>>> print(open('model.pdb').read())   # PDB, C-alpha atoms
ATOM      1  CA  MET A1298     -12.480 -14.942  11.446
ATOM      2  CA  ASP A1299      -9.301 -16.858  10.637
ATOM      3  CA  ILE A1300      -6.756 -14.614   8.885
ATOM      4  CA  SER A1301      -3.348 -15.861   7.791
ATOM      5  CA  TYR A1302      -0.404 -13.820   6.506
ATOM      6  CA  ARG A1303       2.268 -14.873   4.047
ATOM      7  CA  LYS A1304       4.688 -13.489   1.495
ATOM      8  CA  VAL A1305       3.257 -12.882  -1.936
ATOM      9  CA  ARG A1306       3.569 -15.608  -4.613
ATOM     10  CA  LYS A1307       3.459 -15.494  -8.416
ATOM     11  CA  GLU A1308       0.013 -17.100  -8.499
ATOM     12  CA  ASP A1309      -1.393 -14.207  -6.429
ATOM     13  CA  GLY A1310      -1.321 -11.781  -9.352
ATOM     14  CA  TYR A1311      -4.982 -11.857 -10.293
ATOM     15  CA  GLN A1312      -6.281 -11.569  -6.715
ATOM     16  CA  TRP A1313      -3.644  -8.882  -5.948
ATOM     17  CA  TYR A1314      -4.743  -6.610  -8.800
ATOM     18  CA  THR A1315      -8.437  -7.374  -8.349
ATOM     19  CA  LEU A1316      -8.165  -6.273  -4.714
ATOM     20  CA  LEU A1317      -6.151  -3.174  -5.676
ATOM     21  CA  ASN A1318      -8.650  -2.093  -8.305
ATOM     22  CA  SER A1319     -11.649  -2.738  -6.073
ATOM     23  CA  VAL A1320     -10.187  -0.846  -3.121
ATOM     24  CA  TRP A1321      -9.032   2.007  -5.369
ATOM     25  CA  ARG A1322     -12.585   2.376  -6.676
ATOM     26  CA  THR A1323     -13.972   2.483  -3.123
ATOM     27  CA  ALA A1324     -11.266   4.665  -1.569
ATOM     28  CA  TYR A1325     -10.753   7.090  -4.434
ATOM     29  CA  GLY A1326     -14.171   7.143  -6.127
ATOM     30  CA  HIS A1327     -14.783  10.650  -4.808
ATOM     31  CA  ILE A1328     -11.339  11.811  -5.995
ATOM     32  CA  PHE A1329     -10.622  10.313  -9.437
ATOM     33  CA  PRO A1330     -12.888  10.311 -12.508
ATOM     34  CA  GLU A1331     -14.439   6.982 -13.553
ATOM     35  CA  GLU A1332     -12.010   6.737 -16.501
ATOM     36  CA  VAL A1333      -9.161   6.059 -14.072
ATOM     37  CA  PHE A1334     -10.864   2.957 -12.699
ATOM     38  CA  ASP A1335     -11.995   1.752 -16.128
ATOM     39  CA  ALA A1336      -8.421   2.031 -17.445
ATOM     40  CA  ARG A1337      -7.082   0.042 -14.473
ATOM     41  CA  ASP A1338      -9.721  -2.668 -14.999
ATOM     42  CA  LYS A1339      -8.863  -2.934 -18.711
ATOM     43  CA  CYS A1340      -5.158  -3.583 -18.090
ATOM     44  CA  ILE A1341      -5.541  -6.168 -15.310
ATOM     45  CA  ASP A1342      -4.645  -9.126 -17.579
ATOM     46  CA  ASP A1343      -1.403  -7.432 -18.660
ATOM     47  CA  LYS A1344      -0.519  -6.647 -15.046
ATOM     48  CA  VAL A1345      -1.190 -10.258 -14.022
ATOM     49  CA  ARG A1346       1.118 -11.521 -16.791
ATOM     50  CA  GLU A1347       3.890  -9.220 -15.505
ATOM     51  CA  PHE A1348       3.315 -10.161 -11.863
ATOM     52  CA  SER A1349       6.281 -11.905 -10.276
ATOM     53  CA  GLU A1350       7.740 -12.504  -6.871
ATOM     54  CA  GLU A1351      10.926 -10.718  -7.988
ATOM     55  CA  LYS A1352       8.914  -7.532  -8.544
ATOM     56  CA  PHE A1353       7.828  -7.480  -4.902
ATOM     57  CA  LEU A1354      10.342  -9.522  -2.920
ATOM     58  CA  GLY A1355      14.070  -9.123  -2.442
ATOM     59  CA  ASP A1356      16.729  -7.867  -0.095
ATOM     60  CA  ARG A1357      15.284  -4.331  -0.163
ATOM     61  CA  LYS A1358      11.560  -4.982  -0.731
ATOM     62  CA  ILE A1359       8.792  -7.043   0.821
ATOM     63  CA  ALA A1360       5.190  -7.955   0.039
ATOM     64  CA  TYR A1361       2.643  -9.831   2.117
ATOM     65  CA  VAL A1362      -0.960 -10.829   1.664
ATOM     66  CA  ALA A1363      -3.653 -11.491   4.228
ATOM     67  CA  GLU A1364      -5.910 -14.450   3.450
ATOM     68  CA  CYS A1365      -9.292 -15.492   4.744
ATOM     69  CA  ASP A1366     -10.829 -18.757   3.543
ATOM     70  CA  GLY A1367      -8.239 -19.017   0.745
ATOM     71  CA  ARG A1368      -9.004 -15.535  -0.603
ATOM     72  CA  ILE A1369      -6.650 -12.554  -0.455
ATOM     73  CA  VAL A1370      -8.385  -9.832   1.571
ATOM     74  CA  GLY A1371      -5.442  -7.510   2.212
ATOM     75  CA  LEU A1372      -2.030  -6.730   0.779
ATOM     76  CA  MET A1373       1.115  -4.838   1.660
ATOM     77  CA  PHE A1374       4.178  -3.814  -0.324
ATOM     78  CA  GLY A1375       7.147  -1.963   1.116
ATOM     79  CA  THR A1376      10.708  -1.087   0.300
ATOM     80  CA  LEU A1377      13.784   0.270   2.005
ATOM     81  CA  ASP A1378      14.211   2.750  -0.860
ATOM     82  CA  SER A1379      11.490   5.383  -1.031
ATOM     83  CA  ASP A1380      10.548   6.521  -4.533
ATOM     84  CA  TYR A1381       9.638   9.902  -3.083
ATOM     85  CA  GLU A1382      12.595  12.176  -3.796
ATOM     86  CA  TYR A1383      11.950  14.210  -0.644
ATOM     87  CA  PHE A1384      12.250  11.097   1.565
ATOM     88  CA  ARG A1385      14.831   9.154  -0.464
ATOM     89  CA  GLY A1386      17.808   7.840   1.475
ATOM     90  CA  ASP A1387      16.348   8.428   4.925
ATOM     91  CA  TYR A1388      13.078   6.522   4.905
ATOM     92  CA  ALA A1389      11.791   3.057   4.205
ATOM     93  CA  ASP A1390       8.486   3.288   2.339
ATOM     94  CA  LEU A1391       5.237   1.472   3.041
ATOM     95  CA  VAL A1392       4.226   1.773  -0.613
ATOM     96  CA  ALA A1393       0.926  -0.095  -0.619
ATOM     97  CA  LEU A1394      -1.443  -1.196   2.115
ATOM     98  CA  TYR A1395      -4.934  -2.162   0.977
ATOM     99  CA  VAL A1396      -7.688  -4.142   2.666
ATOM    100  CA  TYR A1397     -11.150  -4.924   1.281
ATOM    101  CA  PRO A1398     -13.635  -2.541   2.960
ATOM    102  CA  ASN A1399     -15.691  -5.367   4.477
ATOM    103  CA  TYR A1400     -12.533  -6.358   6.413
ATOM    104  CA  HIS A1401     -11.823  -2.849   7.744
ATOM    105  CA  GLY A1402     -11.653  -2.716  11.516
ATOM    106  CA  THR A1403     -10.474  -6.322  11.833
ATOM    107  CA  GLY A1404      -6.804  -5.469  12.449
ATOM    108  CA  ILE A1405      -5.583  -6.706   9.058
ATOM    109  CA  GLY A1406      -4.134  -3.330   8.062
ATOM    110  CA  THR A1407      -2.355  -2.983  11.391
ATOM    111  CA  ALA A1408      -0.988  -6.531  11.158
ATOM    112  CA  LEU A1409       0.338  -5.888   7.639
ATOM    113  CA  LYS A1410       1.902  -2.606   8.776
ATOM    114  CA  ASP A1411       3.501  -4.416  11.727
ATOM    115  CA  LEU A1412       4.962  -7.064   9.381
ATOM    116  CA  PHE A1413       6.503  -4.266   7.328
ATOM    117  CA  ILE A1414       7.943  -2.568  10.430
ATOM    118  CA  LYS A1415       9.412  -5.829  11.741
ATOM    119  CA  TRP A1416      11.039  -6.522   8.367
ATOM    120  CA  ALA A1417      12.315  -2.920   7.960
ATOM    121  CA  ARG A1418      13.781  -2.983  11.475
ATOM    122  CA  THR A1419      15.735  -6.174  10.692
ATOM    123  CA  LYS A1420      17.128  -4.369   7.625
ATOM    124  CA  GLY A1421      18.341  -1.433   9.722
ATOM    125  CA  ALA A1422      15.637   1.111   8.863
ATOM    126  CA  GLU A1423      15.019   3.720  11.549
ATOM    127  CA  ARG A1424      11.952   5.408  10.057
ATOM    128  CA  PHE A1425       9.391   4.983   7.316
ATOM    129  CA  VAL A1426       6.952   7.028   5.276
ATOM    130  CA  ILE A1427       3.440   6.456   3.949
ATOM    131  CA  GLY A1428       2.146   8.602   1.093
ATOM    132  CA  VAL A1429      -1.613   9.175   0.944
ATOM    133  CA  LEU A1430      -3.930  11.279  -1.167
ATOM    134  CA  LYS A1431      -4.780  14.370   0.830
ATOM    135  CA  ASP A1432      -8.515  13.818   0.256
ATOM    136  CA  ASN A1433      -8.414  10.185   1.448
ATOM    137  CA  HIS A1434      -9.649  11.118   4.916
ATOM    138  CA  LYS A1435     -10.435   7.566   6.023
ATOM    139  CA  ALA A1436      -6.851   6.362   5.457
ATOM    140  CA  ARG A1437      -5.470   9.525   7.025
ATOM    141  CA  GLU A1438      -7.485   8.834  10.193
ATOM    142  CA  VAL A1439      -5.887   5.383  10.360
ATOM    143  CA  TYR A1440      -2.374   6.775   9.838
ATOM    144  CA  ASP A1441      -3.027   9.353  12.560
ATOM    145  CA  SER A1442      -4.233   6.607  14.907
ATOM    146  CA  TRP A1443      -0.977   4.727  14.270
ATOM    147  CA  GLY A1444       0.933   7.734  15.593
ATOM    148  CA  GLY A1445       2.122   9.088  12.255
ATOM    149  CA  VAL A1446       3.527  12.593  12.033
ATOM    150  CA  LEU A1447       2.078  14.573   9.138
ATOM    151  CA  SER A1448       4.992  15.948   7.109
ATOM    152  CA  SER A1449       4.900  19.520   5.856
ATOM    153  CA  HIS A1450       5.988  18.162   2.466
ATOM    154  CA  GLU A1451       3.268  17.676  -0.144
ATOM    155  CA  GLN A1452       3.432  16.844  -3.831
ATOM    156  CA  ASP A1453       1.140  15.847  -6.652
ATOM    157  CA  PHE A1454       0.213  12.231  -7.353
ATOM    158  CA  THR A1455      -0.333  12.183 -11.105
ATOM    159  CA  VAL A1456      -3.024  10.031 -12.683
ATOM    160  CA  MET A1457      -3.942  10.398 -16.356
ATOM    161  CA  ASP A1458      -1.921  13.632 -16.597
ATOM    162  CA  LYS A1459      -3.744  15.279 -13.698
ATOM    163  CA  GLY A1460      -2.156  15.981 -10.335
ATOM    164  CA  TYR A1461      -3.878  15.176  -7.061
ATOM    165  CA  PRO A1462      -2.399  16.459  -3.774
ATOM    166  CA  GLU A1463      -0.547  13.810  -1.794
ATOM    167  CA  CYS A1464       0.610  14.171   1.793
ATOM    168  CA  PHE A1465       2.923  12.035   3.883
ATOM    169  CA  TYR A1466       3.008  10.464   7.319
ATOM    170  CA  THR A1467       6.324   9.578   8.889
ATOM    171  CA  TYR A1468       7.014   7.089  11.660
ATOM    172  CA  GLU A1469       9.982   6.234  13.803
ATOM    173  CA  ILE A1470      10.880   2.541  14.005
ATOM    174  CA  SER A1471      11.805   1.690  17.574
TER
END
>>> encode(input="model.pdb", output="structure tokens")
Amino acid sequence: MDISYRKVRKEDGYQWYTLLNSVWRTAYGHIFPEEVFDARDKCIDDKVREFSEEKFLGDRKIAYVAECDGRIVGLMFGTLDSDYEYFRGDYADLVALYVYPNYHGTGIGTALKDLFIKWARTKGAERFVIGVLKDNHKAREVYDSWGGVLSSHEQDFTVMDKGYPECFYTYEIS
């Protein structure tokens, strides 16, 4: 399997959001009601129109995609400025890391995480955080295997006015 990695481009919008929605449905189908996924699918065209490199790339943010045979099969977005108030100021944030399920176990997620770490290190970050739904056990196993430390801090991730428990893994950047 030949996988290549590159920074996101404007023309990636449709594949980016298609992958996000598909992986959300698979990863969170046991957590969120169907209406959440239907609403995301309905607004994909609007999201694609708003998609831009500036939204994901800059001095303090980075986004990469993994491609196989010209198709995006994984994506990563990170920033030096965590949106999580509890971690703000001290942690870079690996905001999004999604890989199509049929590519799980191929190393794509690890490679995307490593690209984020390399970039964050060059920007002076010393640690980073990953937020994950508490009931997303598959992702949590991966974050554990990467050596993440489960924070005692938890908060709600709100979708359609309902809160879902979110937990956090922290990592030192060496």
>>> resolve_selection(input="model.pdb", expression="the PyMOL selection byres ((chain A and resi 1308-1324) around 9)", output="JSON, numbers by chain")
{"A": [1305, 1306, 1307, 1325, 1326, 1327, 1328, 1329, 1331, 1333, 1334, 1337, 1338, 1341, 1342, 1344, 1345, 1346, 1347, 1348, 1349, 1362, 1368, 1369, 1370, 1371, 1372, 1395, 1396, 1397, 1398, 1433, 1435, 1436]}
>>> atom_distance(input="model.pdb", atom1="atom CA of Ala1417 of chain A", atom2="atom CA of Ala1389 of chain A")
7.1 Å
>>> resolve_selection(input="model.pdb", expression="the PyMOL selection byres ((chain A and resi 1448) around 12)", output="mmCIF file with C-alpha atoms, in the coordinates of the input")
data_model
loop_
_atom_site.group_PDB
_atom_site.id
_atom_site.type_symbol
_atom_site.label_atom_id
_atom_site.label_comp_id
_atom_site.auth_asym_id
_atom_site.auth_seq_id
_atom_site.Cartn_x
_atom_site.Cartn_y
_atom_site.Cartn_z
ATOM 1 C CA TYR A 1383 11.950 14.210 -0.644
ATOM 2 C CA PHE A 1384 12.250 11.097 1.565
ATOM 3 C CA PHE A 1425 9.391 4.983 7.316
ATOM 4 C CA VAL A 1426 6.952 7.028 5.276
ATOM 5 C CA ILE A 1427 3.440 6.456 3.949
ATOM 6 C CA GLY A 1428 2.146 8.602 1.093
ATOM 7 C CA VAL A 1429 -1.613 9.175 0.944
ATOM 8 C CA LYS A 1431 -4.780 14.370 0.830
ATOM 9 C CA ASP A 1441 -3.027 9.353 12.560
ATOM 10 C CA GLY A 1445 2.122 9.088 12.255
ATOM 11 C CA VAL A 1446 3.527 12.593 12.033
ATOM 12 C CA LEU A 1447 2.078 14.573 9.138
ATOM 13 C CA SER A 1449 4.900 19.520 5.856
ATOM 14 C CA HIS A 1450 5.988 18.162 2.466
ATOM 15 C CA GLU A 1451 3.268 17.676 -0.144
ATOM 16 C CA GLN A 1452 3.432 16.844 -3.831
ATOM 17 C CA GLU A 1463 -0.547 13.810 -1.794
ATOM 18 C CA CYS A 1464 0.610 14.171 1.793
ATOM 19 C CA PHE A 1465 2.923 12.035 3.883
ATOM 20 C CA TYR A 1466 3.008 10.464 7.319
ATOM 21 C CA THR A 1467 6.324 9.578 8.889
ATOM 22 C CA TYR A 1468 7.014 7.089 11.660
#
>>> atom_distance(input="model.pdb", atom1="atom CA of Ile1470 of chain A", atom2="atom CA of Gly1355 of chain A")
20.4 Å
>>> closest_residue(input="model.pdb", among="A:Tyr1440, A:Tyr1400, A:Phe1454, A:Phe1413", to="Glu1364 of chain A", atoms="all atoms listed in the file")
A:Tyr1400
>>> resolve_selection(input="model.pdb", expression="the PyMOL selection byres ((chain A and resi 1407) around 12)", output="list in words")
Ala1363, Gly1371, Leu1372, Met1373, Leu1394, Tyr1395, Val1396, Tyr1400, His1401, Gly1402, Thr1403, Gly1404, Ile1405, Gly1406, Ala1408, Leu1409, Lys1410, Asp1411, Leu1412, Phe1413, Ile1414, Ala1436, Val1439, Tyr1440, Ser1442, Trp1443 and Gly1444 of chain A
>>> axis_aligned_box(input="model.pdb", around="segment 1346-1354 of chain A", padding_each_side="8 Å", output="JSON")
{"center_x": 6.0, "center_y": -10.0, "center_z": -9.9, "size_x": 25.8, "size_y": 21.0, "size_z": 29.9}
>>> atom_distance(input="model.pdb", atom1="atom CA of Lys1420 of chain A", atom2="atom CA of Asp1356 of chain A")
8.5 Å
>>> closest_residue(input="model.pdb", among="A:Met1457, A:Ala1360, A:Ala1422, A:Cys1365", to="Asn1399 of chain A", atoms="all atoms listed in the file")
A:Cys1365
>>> closest_residue(input="model.pdb", among="A:Val1456, A:Asp1432, A:Asp1343, A:Leu1377", to="Arg1418 of chain A", atoms="all atoms listed in the file")
A:Leu1377
>>> closest_residue(input="model.pdb", among="A:Lys1415, A:Gly1367, A:Ile1359, A:Gly1421", to="Val1392 of chain A", atoms="all atoms listed in the file")
A:Ile1359
>>> closest_residue(input="model.pdb", among="A:Glu1332, A:Phe1374, A:Asp1380, A:Lys1339", to="Ala1393 of chain A", atoms="all atoms listed in the file")
A:Phe1374
>>> closest_residue(input="model.pdb", among="A:Lys1304, A:His1434, A:Gly1460, A:Glu1382", to="Glu1351 of chain A", atoms="all atoms listed in the file")
A:Lys1304
>>> build_atoms(input="model.pdb", residues="segment 1340-1352 of chain A", atoms="N, CA and C atoms", output="PDB file, in the frame of the given file")
ATOM      1  N   CYS A1340      -6.540  -3.087 -17.974  1.00  0.00           N
ATOM      2  CA  CYS A1340      -5.158  -3.583 -18.090  1.00  0.00           C
ATOM      3  C   CYS A1340      -4.822  -4.658 -17.058  1.00  0.00           C
ATOM      4  N   ILE A1341      -5.813  -5.185 -16.363  1.00  0.00           N
ATOM      5  CA  ILE A1341      -5.541  -6.168 -15.310  1.00  0.00           C
ATOM      6  C   ILE A1341      -4.860  -7.423 -15.856  1.00  0.00           C
ATOM      7  N   ASP A1342      -5.267  -7.905 -17.030  1.00  0.00           N
ATOM      8  CA  ASP A1342      -4.645  -9.126 -17.579  1.00  0.00           C
ATOM      9  C   ASP A1342      -3.164  -8.904 -17.870  1.00  0.00           C
ATOM     10  N   ASP A1343      -2.813  -7.742 -18.402  1.00  0.00           N
ATOM     11  CA  ASP A1343      -1.403  -7.432 -18.660  1.00  0.00           C
ATOM     12  C   ASP A1343      -0.619  -7.371 -17.355  1.00  0.00           C
ATOM     13  N   LYS A1344      -1.193  -6.742 -16.345  1.00  0.00           N
ATOM     14  CA  LYS A1344      -0.519  -6.647 -15.046  1.00  0.00           C
ATOM     15  C   LYS A1344      -0.304  -8.037 -14.429  1.00  0.00           C
ATOM     16  N   VAL A1345      -1.301  -8.901 -14.568  1.00  0.00           N
ATOM     17  CA  VAL A1345      -1.190 -10.258 -14.022  1.00  0.00           C
ATOM     18  C   VAL A1345      -0.067 -11.011 -14.730  1.00  0.00           C
ATOM     19  N   ARG A1346       0.042 -10.854 -16.040  1.00  0.00           N
ATOM     20  CA  ARG A1346       1.118 -11.521 -16.791  1.00  0.00           C
ATOM     21  C   ARG A1346       2.498 -11.050 -16.329  1.00  0.00           C
ATOM     22  N   GLU A1347       2.611  -9.787 -15.946  1.00  0.00           N
ATOM     23  CA  GLU A1347       3.890  -9.220 -15.505  1.00  0.00           C
ATOM     24  C   GLU A1347       4.170  -9.466 -14.024  1.00  0.00           C
ATOM     25  N   PHE A1348       3.192  -9.971 -13.309  1.00  0.00           N
ATOM     26  CA  PHE A1348       3.315 -10.161 -11.863  1.00  0.00           C
ATOM     27  C   PHE A1348       4.361 -11.226 -11.571  1.00  0.00           C
ATOM     28  N   SER A1349       5.266 -10.929 -10.666  1.00  0.00           N
ATOM     29  CA  SER A1349       6.281 -11.905 -10.276  1.00  0.00           C
ATOM     30  C   SER A1349       6.723 -11.643  -8.852  1.00  0.00           C
ATOM     31  N   GLU A1350       7.232 -12.659  -8.230  1.00  0.00           N
ATOM     32  CA  GLU A1350       7.740 -12.504  -6.871  1.00  0.00           C
ATOM     33  C   GLU A1350       8.920 -11.538  -6.860  1.00  0.00           C
ATOM     34  N   GLU A1351       9.748 -11.576  -7.923  1.00  0.00           N
ATOM     35  CA  GLU A1351      10.926 -10.718  -7.988  1.00  0.00           C
ATOM     36  C   GLU A1351      10.544  -9.232  -7.986  1.00  0.00           C
ATOM     37  N   LYS A1352       9.376  -8.925  -8.506  1.00  0.00           N
ATOM     38  CA  LYS A1352       8.914  -7.532  -8.544  1.00  0.00           C
ATOM     39  C   LYS A1352       8.633  -7.000  -7.137  1.00  0.00           C
TER      40      LYS A1352
END
